>>> print(open('entry18.txt').read())   # compact mmCIF, C-alpha atoms and all ligand atoms
# COMPACT_ATOMS: atom_id res chain seq x y z
CA MET P 29 -34.15 -22.25 9.66
CA GLN P 30 -36.41 -19.93 7.67
CA VAL P 31 -35.18 -18.14 4.55
CA ALA P 32 -36.88 -14.83 3.73
CA THR P 33 -36.16 -13.19 0.38
CA THR P 34 -38.67 -10.34 0.83
CA LYS P 35 -38.99 -7.67 3.52
CA LYS P 36 -42.56 -8.81 4.19
CA ALA P 37 -41.52 -12.43 4.76
CA LEU P 38 -38.75 -11.22 7.10
CA ILE P 39 -41.11 -9.04 9.13
CA ASP P 40 -43.68 -11.89 9.32
CA ALA P 41 -40.98 -14.32 10.50
CA LEU P 42 -40.01 -11.86 13.25
CA LEU P 43 -43.56 -11.29 14.56
CA HIS P 44 -43.25 -13.38 17.72
CA HIS P 45 -39.77 -13.16 19.08
CA LYS P 46 -38.03 -12.20 22.30
CA SER P 47 -34.48 -10.92 21.90
CA VAL P 48 -33.02 -10.73 18.40
CA GLY P 49 -29.36 -10.74 17.31
CA LEU P 50 -28.46 -9.65 13.76
CA VAL P 51 -25.40 -10.73 11.77
CA PRO P 52 -25.16 -8.72 8.52
CA THR P 53 -23.04 -10.35 5.78
CA MET P 54 -22.43 -10.25 2.05
CA GLY P 55 -22.31 -14.05 1.81
CA ALA P 56 -19.39 -16.23 0.63
CA LEU P 57 -19.34 -17.25 4.25
CA HIS P 58 -16.40 -18.67 6.20
CA SER P 59 -15.36 -19.33 9.79
CA GLY P 60 -15.19 -15.56 10.51
CA HIS P 61 -18.91 -15.23 9.82
CA ALA P 62 -19.60 -18.42 11.80
CA SER P 63 -17.93 -16.86 14.82
CA LEU P 64 -20.29 -13.83 14.59
CA VAL P 65 -23.26 -16.23 14.51
CA LYS P 66 -21.86 -18.10 17.52
CA ALA P 67 -21.58 -14.85 19.49
CA ALA P 68 -25.16 -13.92 18.51
CA ARG P 69 -26.44 -17.41 19.36
CA ALA P 70 -25.02 -17.12 22.90
CA GLU P 71 -26.87 -13.87 23.70
CA ASN P 72 -30.21 -13.90 21.85
CA ASP P 73 -33.36 -16.01 21.53
CA THR P 74 -33.54 -15.44 17.79
CA VAL P 75 -30.58 -15.06 15.43
CA VAL P 76 -31.07 -13.39 12.05
CA ALA P 77 -28.30 -13.40 9.42
CA SER P 78 -28.57 -11.33 6.27
CA ILE P 79 -26.88 -12.08 2.96
CA PHE P 80 -26.81 -9.14 0.59
CA VAL P 81 -24.03 -7.97 -1.72
CA ASN P 82 -24.76 -4.27 -1.40
CA PRO P 83 -23.99 -2.37 -4.63
CA LEU P 84 -23.99 0.98 -2.78
CA GLN P 85 -20.74 0.18 -1.00
CA PHE P 86 -18.81 -0.77 -4.15
CA GLU P 87 -17.03 1.49 -6.62
CA ALA P 88 -19.41 3.20 -9.10
CA LEU P 89 -22.42 1.95 -7.08
CA GLY P 90 -21.69 -1.60 -8.16
CA ASP P 91 -20.86 -0.91 -11.81
CA CYS P 92 -17.41 -2.46 -11.33
CA ASP P 93 -15.65 -5.82 -11.53
CA ASP P 94 -15.21 -6.04 -7.74
CA TYR P 95 -19.02 -6.11 -7.38
CA ARG P 96 -19.66 -8.33 -10.40
CA ASN P 97 -16.92 -10.80 -9.35
CA TYR P 98 -17.87 -10.84 -5.67
CA PRO P 99 -18.34 -14.55 -4.85
CA ARG P 100 -22.00 -15.58 -4.64
CA GLN P 101 -22.79 -19.06 -3.29
CA LEU P 102 -26.19 -19.03 -1.61
CA ASP P 103 -26.61 -22.80 -1.14
CA ALA P 104 -23.26 -23.24 0.62
CA ASP P 105 -23.97 -20.12 2.71
CA LEU P 106 -27.36 -21.44 3.83
CA ALA P 107 -25.75 -24.74 4.86
CA LEU P 108 -23.14 -22.91 6.95
CA LEU P 109 -25.76 -20.68 8.62
CA GLU P 110 -28.02 -23.65 9.40
CA GLU P 111 -25.09 -25.53 10.93
CA ALA P 112 -24.13 -22.44 12.97
CA GLY P 113 -27.64 -22.23 14.44
CA VAL P 114 -29.22 -19.27 12.62
CA ASP P 115 -33.03 -19.05 12.89
CA ILE P 116 -33.86 -16.67 10.05
CA VAL P 117 -31.86 -15.77 6.92
CA PHE P 118 -32.74 -12.58 5.06
CA ALA P 119 -31.45 -12.86 1.48
CA PRO P 120 -33.13 -10.18 -0.65
CA ASP P 121 -32.15 -9.28 -4.20
CA VAL P 122 -31.18 -5.72 -5.17
CA GLU P 123 -34.69 -4.82 -6.40
CA GLU P 124 -36.23 -5.95 -3.10
CA MET P 125 -33.72 -3.95 -1.08
CA TYR P 126 -33.79 -0.85 -3.32
CA PRO P 127 -37.13 -0.95 -5.15
CA GLY P 128 -37.24 1.22 -8.24
CA GLY P 129 -33.54 2.06 -8.13
CA LEU P 130 -30.88 3.16 -5.70
CA PRO P 131 -31.93 5.34 -2.75
CA LEU P 132 -32.03 9.12 -2.91
CA VAL P 133 -31.50 9.52 0.83
CA TRP P 134 -28.40 7.99 2.39
CA ALA P 135 -26.68 7.84 5.77
CA ARG P 136 -23.59 10.07 5.42
CA THR P 137 -20.52 9.22 7.45
CA GLY P 138 -18.25 12.29 7.34
CA SER P 139 -14.65 12.16 8.53
CA ILE P 140 -14.85 8.74 10.21
CA GLY P 141 -15.87 7.21 6.88
CA THR P 142 -13.67 9.15 4.50
CA LYS P 143 -10.20 8.33 5.87
CA LEU P 144 -8.20 5.07 5.58
CA GLU P 145 -10.44 2.53 3.80
CA GLY P 146 -12.81 5.35 2.92
CA ALA P 147 -10.00 7.33 1.26
CA SER P 148 -9.18 4.36 -0.98
CA ARG P 149 -12.87 3.53 -1.53
CA PRO P 150 -14.81 6.83 -1.76
CA GLY P 151 -18.44 6.44 -0.70
CA HIS P 152 -17.89 2.93 0.67
CA PHE P 153 -18.86 3.69 4.26
CA ASP P 154 -21.88 5.78 3.24
CA GLY P 155 -23.07 2.66 1.38
CA VAL P 156 -22.35 0.47 4.41
CA ALA P 157 -24.07 2.86 6.86
CA THR P 158 -27.11 3.15 4.58
CA VAL P 159 -27.65 -0.59 4.14
CA VAL P 160 -26.99 -1.31 7.82
CA ALA P 161 -29.50 1.39 8.86
CA LYS P 162 -32.06 -0.27 6.57
CA LEU P 163 -31.30 -3.70 8.07
CA PHE P 164 -31.66 -2.28 11.60
CA ASN P 165 -35.05 -0.81 10.67
CA LEU P 166 -36.23 -4.06 9.09
CA VAL P 167 -34.98 -6.47 11.76
CA ARG P 168 -35.07 -4.18 14.84
CA PRO P 169 -32.41 -6.28 16.55
CA ASP P 170 -31.47 -5.95 20.21
CA ARG P 171 -27.83 -6.62 19.32
CA ALA P 172 -25.86 -6.61 16.08
CA TYR P 173 -22.54 -8.38 15.49
CA PHE P 174 -19.65 -7.05 13.42
CA GLY P 175 -16.16 -8.45 12.90
CA GLN P 176 -13.17 -6.56 14.23
CA LYS P 177 -11.55 -7.57 10.92
CA ASP P 178 -13.33 -4.51 9.51
CA ALA P 179 -12.25 -2.19 12.33
CA GLN P 180 -13.30 1.01 10.57
CA GLN P 181 -16.71 -0.50 9.84
CA VAL P 182 -17.16 -1.18 13.57
CA ALA P 183 -16.23 2.43 14.37
CA VAL P 184 -18.59 3.78 11.68
CA ILE P 185 -21.51 1.61 12.85
CA ARG P 186 -20.95 2.63 16.48
CA ARG P 187 -21.22 6.28 15.41
CA LEU P 188 -24.21 5.51 13.16
CA VAL P 189 -26.24 4.16 16.08
CA ALA P 190 -25.01 6.83 18.52
CA ASP P 191 -25.53 9.76 16.16
CA LEU P 192 -28.91 8.61 14.77
CA ASP P 193 -30.16 7.21 18.13
CA ILE P 194 -30.75 3.73 16.74
CA PRO P 195 -31.64 1.46 19.69
CA VAL P 196 -29.27 -1.49 19.12
CA GLU P 197 -26.19 -2.73 20.95
CA ILE P 198 -23.13 -3.13 18.73
CA ARG P 199 -21.01 -6.17 19.52
CA PRO P 200 -17.54 -6.43 17.94
CA VAL P 201 -16.19 -9.96 17.44
CA PRO P 202 -12.43 -10.81 17.27
CA ILE P 203 -10.72 -11.56 13.94
CA ILE P 204 -10.69 -15.21 12.87
CA ARG P 205 -7.51 -16.26 11.04
CA GLY P 206 -6.50 -19.27 8.98
CA ALA P 207 -3.79 -21.61 10.34
CA ASP P 208 -1.22 -19.59 8.33
CA GLY P 209 -2.28 -16.34 10.06
CA LEU P 210 -4.15 -14.72 7.14
CA ALA P 211 -7.42 -13.14 8.30
CA GLU P 212 -10.36 -15.07 6.85
CA SER P 213 -12.02 -13.13 4.05
CA SER P 214 -14.43 -13.91 1.24
CA ARG P 215 -11.85 -12.28 -1.06
CA ASN P 216 -9.23 -14.93 -0.14
CA GLN P 217 -11.05 -17.26 -2.58
CA ARG P 218 -9.66 -15.11 -5.38
CA LEU P 219 -6.01 -15.65 -4.33
CA SER P 220 -3.87 -18.34 -5.99
CA ALA P 221 -1.72 -20.48 -3.66
CA ASP P 222 1.31 -18.30 -4.50
CA GLN P 223 -0.63 -15.09 -3.87
CA ARG P 224 -1.88 -16.41 -0.55
CA ALA P 225 1.73 -17.10 0.46
CA GLN P 226 2.69 -13.55 -0.60
CA ALA P 227 -0.24 -12.10 1.38
CA LEU P 228 1.10 -13.57 4.63
CA VAL P 229 3.51 -10.65 4.94
CA LEU P 230 0.50 -8.59 6.10
CA PRO P 231 -0.33 -10.52 9.31
CA GLN P 232 3.41 -11.06 9.86
CA VAL P 233 4.18 -7.34 9.84
CA LEU P 234 1.24 -6.62 12.15
CA SER P 235 2.12 -9.32 14.66
CA ALA P 236 5.77 -8.20 14.65
CA LEU P 237 4.56 -4.73 15.73
CA GLN P 238 2.45 -6.31 18.45
CA ARG P 239 5.43 -8.31 19.72
CA ARG P 240 7.62 -5.19 19.83
CA LYS P 241 4.91 -3.34 21.75
CA ALA P 242 4.59 -6.23 24.24
CA ALA P 243 8.37 -6.24 24.71
CA GLY P 244 8.32 -2.50 25.42
CA GLU P 245 10.37 -1.74 22.31
CA ALA P 246 10.01 1.27 20.01
CA LEU P 247 7.64 0.86 17.06
CA ASP P 248 8.97 1.52 13.58
CA ILE P 249 5.79 2.28 11.63
CA GLN P 250 7.64 3.49 8.55
CA GLY P 251 9.74 0.32 8.64
CA ALA P 252 6.53 -1.75 8.68
CA ARG P 253 5.28 0.18 5.63
CA ASP P 254 8.58 -0.35 3.83
CA THR P 255 8.46 -4.11 4.49
CA LEU P 256 4.98 -4.33 2.94
CA ALA P 257 5.82 -1.99 0.05
CA SER P 258 8.87 -4.04 -0.94
CA ALA P 259 7.34 -7.50 -0.44
CA ASP P 260 7.06 -9.73 -3.53
CA GLY P 261 3.73 -9.48 -5.35
CA VAL P 262 2.38 -6.92 -2.87
CA ARG P 263 1.31 -3.30 -3.37
CA LEU P 264 0.86 -1.28 -0.18
CA ASP P 265 -2.36 0.73 0.07
CA HIS P 266 -1.90 2.05 3.61
CA LEU P 267 -0.64 1.21 7.07
CA GLU P 268 -1.49 3.59 9.89
CA ILE P 269 -1.50 3.62 13.66
CA VAL P 270 -4.78 5.09 14.87
CA ASP P 271 -7.03 5.69 17.85
CA PRO P 272 -9.35 2.62 18.01
CA ALA P 273 -12.55 4.67 18.51
CA THR P 274 -12.05 7.69 16.26
CA LEU P 275 -9.51 6.21 13.81
CA GLU P 276 -7.62 9.50 14.03
CA PRO P 277 -3.90 8.94 13.32
CA LEU P 278 -1.74 8.78 16.44
CA GLU P 279 1.49 10.72 16.63
CA ILE P 280 3.80 8.29 18.34
CA ASP P 281 7.35 8.95 19.18
CA GLY P 282 8.48 5.33 18.95
CA LEU P 283 7.04 4.27 22.30
CA LEU P 284 3.28 3.87 22.59
CA THR P 285 1.51 4.73 25.83
CA GLN P 286 -2.18 4.58 24.83
CA PRO P 287 -4.51 1.99 23.27
CA ALA P 288 -3.93 1.91 19.53
CA LEU P 289 -4.87 0.01 16.44
CA VAL P 290 -2.63 -0.62 13.46
CA VAL P 291 -4.77 -0.83 10.32
CA ALA P 292 -3.43 -1.84 6.93
CA ALA P 293 -4.52 -2.66 3.40
CA ILE P 294 -2.53 -4.24 0.59
CA PHE P 295 -3.19 -5.44 -2.92
CA VAL P 296 -2.03 -8.90 -3.93
CA GLY P 297 -2.66 -9.06 -7.65
CA PRO P 298 -6.12 -7.52 -8.12
CA VAL P 299 -7.29 -8.54 -4.65
CA ARG P 300 -7.42 -5.94 -1.90
CA LEU P 301 -6.86 -7.34 1.59
CA ILE P 302 -7.23 -5.59 4.93
CA ASP P 303 -6.10 -6.50 8.40
CA ASN P 304 -5.49 -4.84 11.76
CA ILE P 305 -4.13 -5.54 15.18
CA GLU P 306 -4.67 -3.98 18.59
CA LEU P 307 -1.62 -2.76 20.44
P1 LIG Z 401 -18.67 -9.43 4.84
O1 LIG Z 401 -19.52 -10.59 4.42
O2 LIG Z 401 -17.27 -9.48 4.34
O3 LIG Z 401 -19.35 -8.11 4.65
O4 LIG Z 401 -18.52 -9.59 6.42
C1 LIG Z 401 -19.64 -9.71 7.24
C2 LIG Z 401 -19.21 -9.60 8.66
O5 LIG Z 401 -18.29 -10.63 8.98
C3 LIG Z 401 -18.51 -8.28 8.97
O6 LIG Z 401 -18.93 -7.81 10.24
C4 LIG Z 401 -17.07 -8.67 8.98
O7 LIG Z 401 -16.26 -7.84 9.78
C5 LIG Z 401 -17.15 -10.06 9.57
N1 LIG Z 401 -15.94 -10.81 9.24
C6 LIG Z 401 -15.44 -11.03 8.01
N2 LIG Z 401 -14.28 -11.71 8.09
C7 LIG Z 401 -14.04 -11.91 9.40
C8 LIG Z 401 -12.99 -12.54 10.15
N3 LIG Z 401 -11.94 -13.10 9.55
N4 LIG Z 401 -13.08 -12.57 11.50
C9 LIG Z 401 -14.14 -11.98 12.12
N5 LIG Z 401 -15.16 -11.39 11.48
C10 LIG Z 401 -15.11 -11.34 10.14
>>> encode(input="entry18.txt", output="structure tokens")
Amino acid sequence: MQVATTKKALIDALLHHKSVGLVPTMGALHSGHASLVKAARAENDTVVASIFVNPLQFEALGDCDDYRNYPRQLDADLALLEEAGVDIVFAPDVEEMYPGGLPLVWARTGSIGTKLEGASRPGHFDGVATVVAKLFNLVRPDRAYFGQKDAQQVAVIRRLVADLDIPVEIRPVPIIRGADGLAESSRNQRLSADQRAQALVLPQVLSALQRRKAAGEALDIQGARDTLASADGVRLDHLEIVDPATLEPLEIDGLLTQPALVVAAIFVGPVRLIDNIEL
């Protein structure tokens, strides 16, 4: 496995390749990231993973505790990527990625990036779209792999490549969960054991909705919100039922007749957790 910390080293490493799969990450890797690498490994000759905690997609362009406290553990990450079969790791620092300061020209996401997660985190998806566009231009992958855990990110990236005619296939990968049902996340490291137990209400509420849908029963979306809002140690950010492609809210009259996604975010202590489930 080669590790490139500069754009030049990355481009040199990619000189002689056939098909390339890209797995963008922010590090603090876990089994969710490993499953993206596995999907990329199965379909490409060369697998590139990037590790970059992108200040653009954090509050105040990274001048915030969430950015400063984001877990950084390069050695452990490199071991996981090597084990998972990655060929090239791109791990630049901020100055390498944004020489001379943050960019003046960004990818702008509009309505798909300003609702839901984007409403709670203004500018987040513009930051994501900008860094991912840069990674696509640097790596020129045939395919790029994104976790369904970040459902809105998948929708934004699909529109990024469609709207800007970027020649890459976007491959969504299913959510990986811990044995207790909590979606794997780098932020889970910041939960105490008690907080982790409190966070389980999130996957439980989502899977209860899925079970009701499968049984042909009416869906009580407000009831699901109330359960989260009143759960111990939990603050509800949002829970919505949306169209999986556009993320537009769906008006459902109890019974659901079309494909739908329930997306939700909660705070447990200072930690913001997201999850979603397809219905
Ligand atoms: P992050 O490092 O959090 O930016 O995530 C990098 C990629 O891994 C994104 O495409 C995420 O959606 C994906 N990912 C993170 N957690 C999971 C998970 N539990 N299951 C599947 N993919 C995930």
>>> residues_around(input="entry18.txt", residues="Val48 of chain P", least_positions_apart="2", cutoff="8 Å", atoms="all atoms listed in the file", output="PyMOL selection string")
chain P and resi 45-46+50+72-76+168-171
>>> closest_residue(input="entry18.txt", among="P:Ala293, P:Leu57, P:Ala243, P:Leu108", to="ligand LIG 401 (chain Z)", atoms="all atoms listed in the file")
P:Leu57
>>> closest_atom_pairs(input="entry18.txt", of="chain P", to="ligand LIG 401 (chain Z)", cutoff="9 Å", atoms="only C-alpha atoms and all ligand atoms", output="JSON lines")
{"residue": "P:Val51", "atom": "CA", "partner": "Z:LIG401", "partner_atom": "C2", "distance": 7.0}
{"residue": "P:Pro52", "atom": "CA", "partner": "Z:LIG401", "partner_atom": "C1", "distance": 5.8}
{"residue": "P:Thr53", "atom": "CA", "partner": "Z:LIG401", "partner_atom": "C1", "distance": 3.8}
{"residue": "P:Met54", "atom": "CA", "partner": "Z:LIG401", "partner_atom": "O1", "distance": 3.8}
{"residue": "P:Gly55", "atom": "CA", "partner": "Z:LIG401", "partner_atom": "O1", "distance": 5.2}
{"residue": "P:Ala56", "atom": "CA", "partner": "Z:LIG401", "partner_atom": "O1", "distance": 6.8}
{"residue": "P:Leu57", "atom": "CA", "partner": "Z:LIG401", "partner_atom": "O1", "distance": 6.7}
{"residue": "P:His58", "atom": "CA", "partner": "Z:LIG401", "partner_atom": "N2", "distance": 7.5}
{"residue": "P:Ser59", "atom": "CA", "partner": "Z:LIG401", "partner_atom": "N3", "distance": 7.1}
{"residue": "P:Gly60", "atom": "CA", "partner": "Z:LIG401", "partner_atom": "C8", "distance": 3.8}
{"residue": "P:His61", "atom": "CA", "partner": "Z:LIG401", "partner_atom": "O5", "distance": 4.7}
{"residue": "P:Ala62", "atom": "CA", "partner": "Z:LIG401", "partner_atom": "N5", "distance": 8.3}
{"residue": "P:Ser63", "atom": "CA", "partner": "Z:LIG401", "partner_atom": "C9", "distance": 6.7}
{"residue": "P:Leu64", "atom": "CA", "partner": "Z:LIG401", "partner_atom": "N5", "distance": 6.5}
{"residue": "P:Ile79", "atom": "CA", "partner": "Z:LIG401", "partner_atom": "O1", "distance": 7.6}
{"residue": "P:Phe80", "atom": "CA", "partner": "Z:LIG401", "partner_atom": "O1", "distance": 8.4}
{"residue": "P:Val81", "atom": "CA", "partner": "Z:LIG401", "partner_atom": "O3", "distance": 7.9}
{"residue": "P:Asn82", "atom": "CA", "partner": "Z:LIG401", "partner_atom": "O3", "distance": 9.0}
{"residue": "P:Tyr173", "atom": "CA", "partner": "Z:LIG401", "partner_atom": "O6", "distance": 6.4}
{"residue": "P:Phe174", "atom": "CA", "partner": "Z:LIG401", "partner_atom": "O6", "distance": 3.3}
{"residue": "P:Gly175", "atom": "CA", "partner": "Z:LIG401", "partner_atom": "O7", "distance": 3.2}
{"residue": "P:Gln176", "atom": "CA", "partner": "Z:LIG401", "partner_atom": "O7", "distance": 5.6}
{"residue": "P:Lys177", "atom": "CA", "partner": "Z:LIG401", "partner_atom": "O7", "distance": 4.9}
{"residue": "P:Asp178", "atom": "CA", "partner": "Z:LIG401", "partner_atom": "O7", "distance": 4.4}
{"residue": "P:Ala179", "atom": "CA", "partner": "Z:LIG401", "partner_atom": "O7", "distance": 7.4}
{"residue": "P:Gln181", "atom": "CA", "partner": "Z:LIG401", "partner_atom": "O7", "distance": 7.4}
{"residue": "P:Val182", "atom": "CA", "partner": "Z:LIG401", "partner_atom": "O6", "distance": 7.6}
{"residue": "P:Pro200", "atom": "CA", "partner": "Z:LIG401", "partner_atom": "O6", "distance": 7.9}
{"residue": "P:Val201", "atom": "CA", "partner": "Z:LIG401", "partner_atom": "C9", "distance": 6.0}
{"residue": "P:Pro202", "atom": "CA", "partner": "Z:LIG401", "partner_atom": "C9", "distance": 5.6}
{"residue": "P:Ile203", "atom": "CA", "partner": "Z:LIG401", "partner_atom": "N4", "distance": 3.5}
{"residue": "P:Ile204", "atom": "CA", "partner": "Z:LIG401", "partner_atom": "N4", "distance": 3.8}
{"residue": "P:Arg205", "atom": "CA", "partner": "Z:LIG401", "partner_atom": "N3", "distance": 5.6}
{"residue": "P:Gly206", "atom": "CA", "partner": "Z:LIG401", "partner_atom": "N3", "distance": 8.2}
{"residue": "P:Leu210", "atom": "CA", "partner": "Z:LIG401", "partner_atom": "N3", "distance": 8.3}
{"residue": "P:Ala211", "atom": "CA", "partner": "Z:LIG401", "partner_atom": "N3", "distance": 4.7}
{"residue": "P:Glu212", "atom": "CA", "partner": "Z:LIG401", "partner_atom": "N3", "distance": 3.7}
{"residue": "P:Ser213", "atom": "CA", "partner": "Z:LIG401", "partner_atom": "N2", "distance": 4.8}
{"residue": "P:Ser214", "atom": "CA", "partner": "Z:LIG401", "partner_atom": "O2", "distance": 6.1}
{"residue": "P:Arg215", "atom": "CA", "partner": "Z:LIG401", "partner_atom": "O2", "distance": 8.1}
{"residue": "P:Asp303", "atom": "CA", "partner": "Z:LIG401", "partner_atom": "N3", "distance": 8.9}
>>> write_last_selection(input="entry18.txt", atoms="C-alpha atoms", output="PDB file, keeping the file's coordinate frame")
ATOM      1  CA  VAL P  51     -25.400 -10.730  11.770  1.00  0.00           C
ATOM      2  CA  PRO P  52     -25.160  -8.720   8.520  1.00  0.00           C
ATOM      3  CA  THR P  53     -23.040 -10.350   5.780  1.00  0.00           C
ATOM      4  CA  MET P  54     -22.430 -10.250   2.050  1.00  0.00           C
ATOM      5  CA  GLY P  55     -22.310 -14.050   1.810  1.00  0.00           C
ATOM      6  CA  ALA P  56     -19.390 -16.230   0.630  1.00  0.00           C
ATOM      7  CA  LEU P  57     -19.340 -17.250   4.250  1.00  0.00           C
ATOM      8  CA  HIS P  58     -16.400 -18.670   6.200  1.00  0.00           C
ATOM      9  CA  SER P  59     -15.360 -19.330   9.790  1.00  0.00           C
ATOM     10  CA  GLY P  60     -15.190 -15.560  10.510  1.00  0.00           C
ATOM     11  CA  HIS P  61     -18.910 -15.230   9.820  1.00  0.00           C
ATOM     12  CA  ALA P  62     -19.600 -18.420  11.800  1.00  0.00           C
ATOM     13  CA  SER P  63     -17.930 -16.860  14.820  1.00  0.00           C
ATOM     14  CA  LEU P  64     -20.290 -13.830  14.590  1.00  0.00           C
ATOM     15  CA  ILE P  79     -26.880 -12.080   2.960  1.00  0.00           C
ATOM     16  CA  PHE P  80     -26.810  -9.140   0.590  1.00  0.00           C
ATOM     17  CA  VAL P  81     -24.030  -7.970  -1.720  1.00  0.00           C
ATOM     18  CA  ASN P  82     -24.760  -4.270  -1.400  1.00  0.00           C
ATOM     19  CA  TYR P 173     -22.540  -8.380  15.490  1.00  0.00           C
ATOM     20  CA  PHE P 174     -19.650  -7.050  13.420  1.00  0.00           C
ATOM     21  CA  GLY P 175     -16.160  -8.450  12.900  1.00  0.00           C
ATOM     22  CA  GLN P 176     -13.170  -6.560  14.230  1.00  0.00           C
ATOM     23  CA  LYS P 177     -11.550  -7.570  10.920  1.00  0.00           C
ATOM     24  CA  ASP P 178     -13.330  -4.510   9.510  1.00  0.00           C
ATOM     25  CA  ALA P 179     -12.250  -2.190  12.330  1.00  0.00           C
ATOM     26  CA  GLN P 181     -16.710  -0.500   9.840  1.00  0.00           C
ATOM     27  CA  VAL P 182     -17.160  -1.180  13.570  1.00  0.00           C
ATOM     28  CA  PRO P 200     -17.540  -6.430  17.940  1.00  0.00           C
ATOM     29  CA  VAL P 201     -16.190  -9.960  17.440  1.00  0.00           C
ATOM     30  CA  PRO P 202     -12.430 -10.810  17.270  1.00  0.00           C
ATOM     31  CA  ILE P 203     -10.720 -11.560  13.940  1.00  0.00           C
ATOM     32  CA  ILE P 204     -10.690 -15.210  12.870  1.00  0.00           C
ATOM     33  CA  ARG P 205      -7.510 -16.260  11.040  1.00  0.00           C
ATOM     34  CA  GLY P 206      -6.500 -19.270   8.980  1.00  0.00           C
ATOM     35  CA  LEU P 210      -4.150 -14.720   7.140  1.00  0.00           C
ATOM     36  CA  ALA P 211      -7.420 -13.140   8.300  1.00  0.00           C
ATOM     37  CA  GLU P 212     -10.360 -15.070   6.850  1.00  0.00           C
ATOM     38  CA  SER P 213     -12.020 -13.130   4.050  1.00  0.00           C
ATOM     39  CA  SER P 214     -14.430 -13.910   1.240  1.00  0.00           C
ATOM     40  CA  ARG P 215     -11.850 -12.280  -1.060  1.00  0.00           C
ATOM     41  CA  ASP P 303      -6.100  -6.500   8.400  1.00  0.00           C
TER      42      ASP P 303
END
>>> axis_aligned_box(input="entry18.txt", around="segment 102-106 of chain P", padding_each_side="4 Å", output="lines of an AutoDock Vina configuration file")
center_x = -25.3
center_y = -21.1
center_z = 1.1
size_x = 12.1
size_y = 12.2
size_z = 13.4
>>> residues_around(input="entry18.txt", residues="Val189 of chain P", least_positions_apart="3", cutoff="10 Å", atoms="all atoms listed in the file", output="MDAnalysis selection string")
chainID P and resid 157 160:161 164 184:186 192:198
>>> atom_distance(input="entry18.txt", atom1="atom CA of Ala147 of chain P", atom2="atom CA of Ala246 of chain P")
28.1 Å
>>> residues_around(input="entry18.txt", residues="Gln238 of chain P", least_positions_apart="5", cutoff="10 Å", atoms="only C-alpha atoms", output="tab-separated table (two decimals) with C-alpha atoms, in the frame of the given file")
chain	number	residue	atom	x	y	z
P	232	GLN	CA	3.41	-11.06	9.86
P	233	VAL	CA	4.18	-7.34	9.84
P	243	ALA	CA	8.37	-6.24	24.71
P	244	GLY	CA	8.32	-2.50	25.42
P	245	GLU	CA	10.37	-1.74	22.31
P	247	LEU	CA	7.64	0.86	17.06
P	289	LEU	CA	-4.87	0.01	16.44
P	290	VAL	CA	-2.63	-0.62	13.46
P	305	ILE	CA	-4.13	-5.54	15.18
P	306	GLU	CA	-4.67	-3.98	18.59
P	307	LEU	CA	-1.62	-2.76	20.44
>>> residues_around(input="entry18.txt", residues="segment 251-264 of chain P", least_positions_apart="5", cutoff="6 Å", atoms="only C-alpha atoms", output="PyMOL selection string")
chain P and resi 294-296
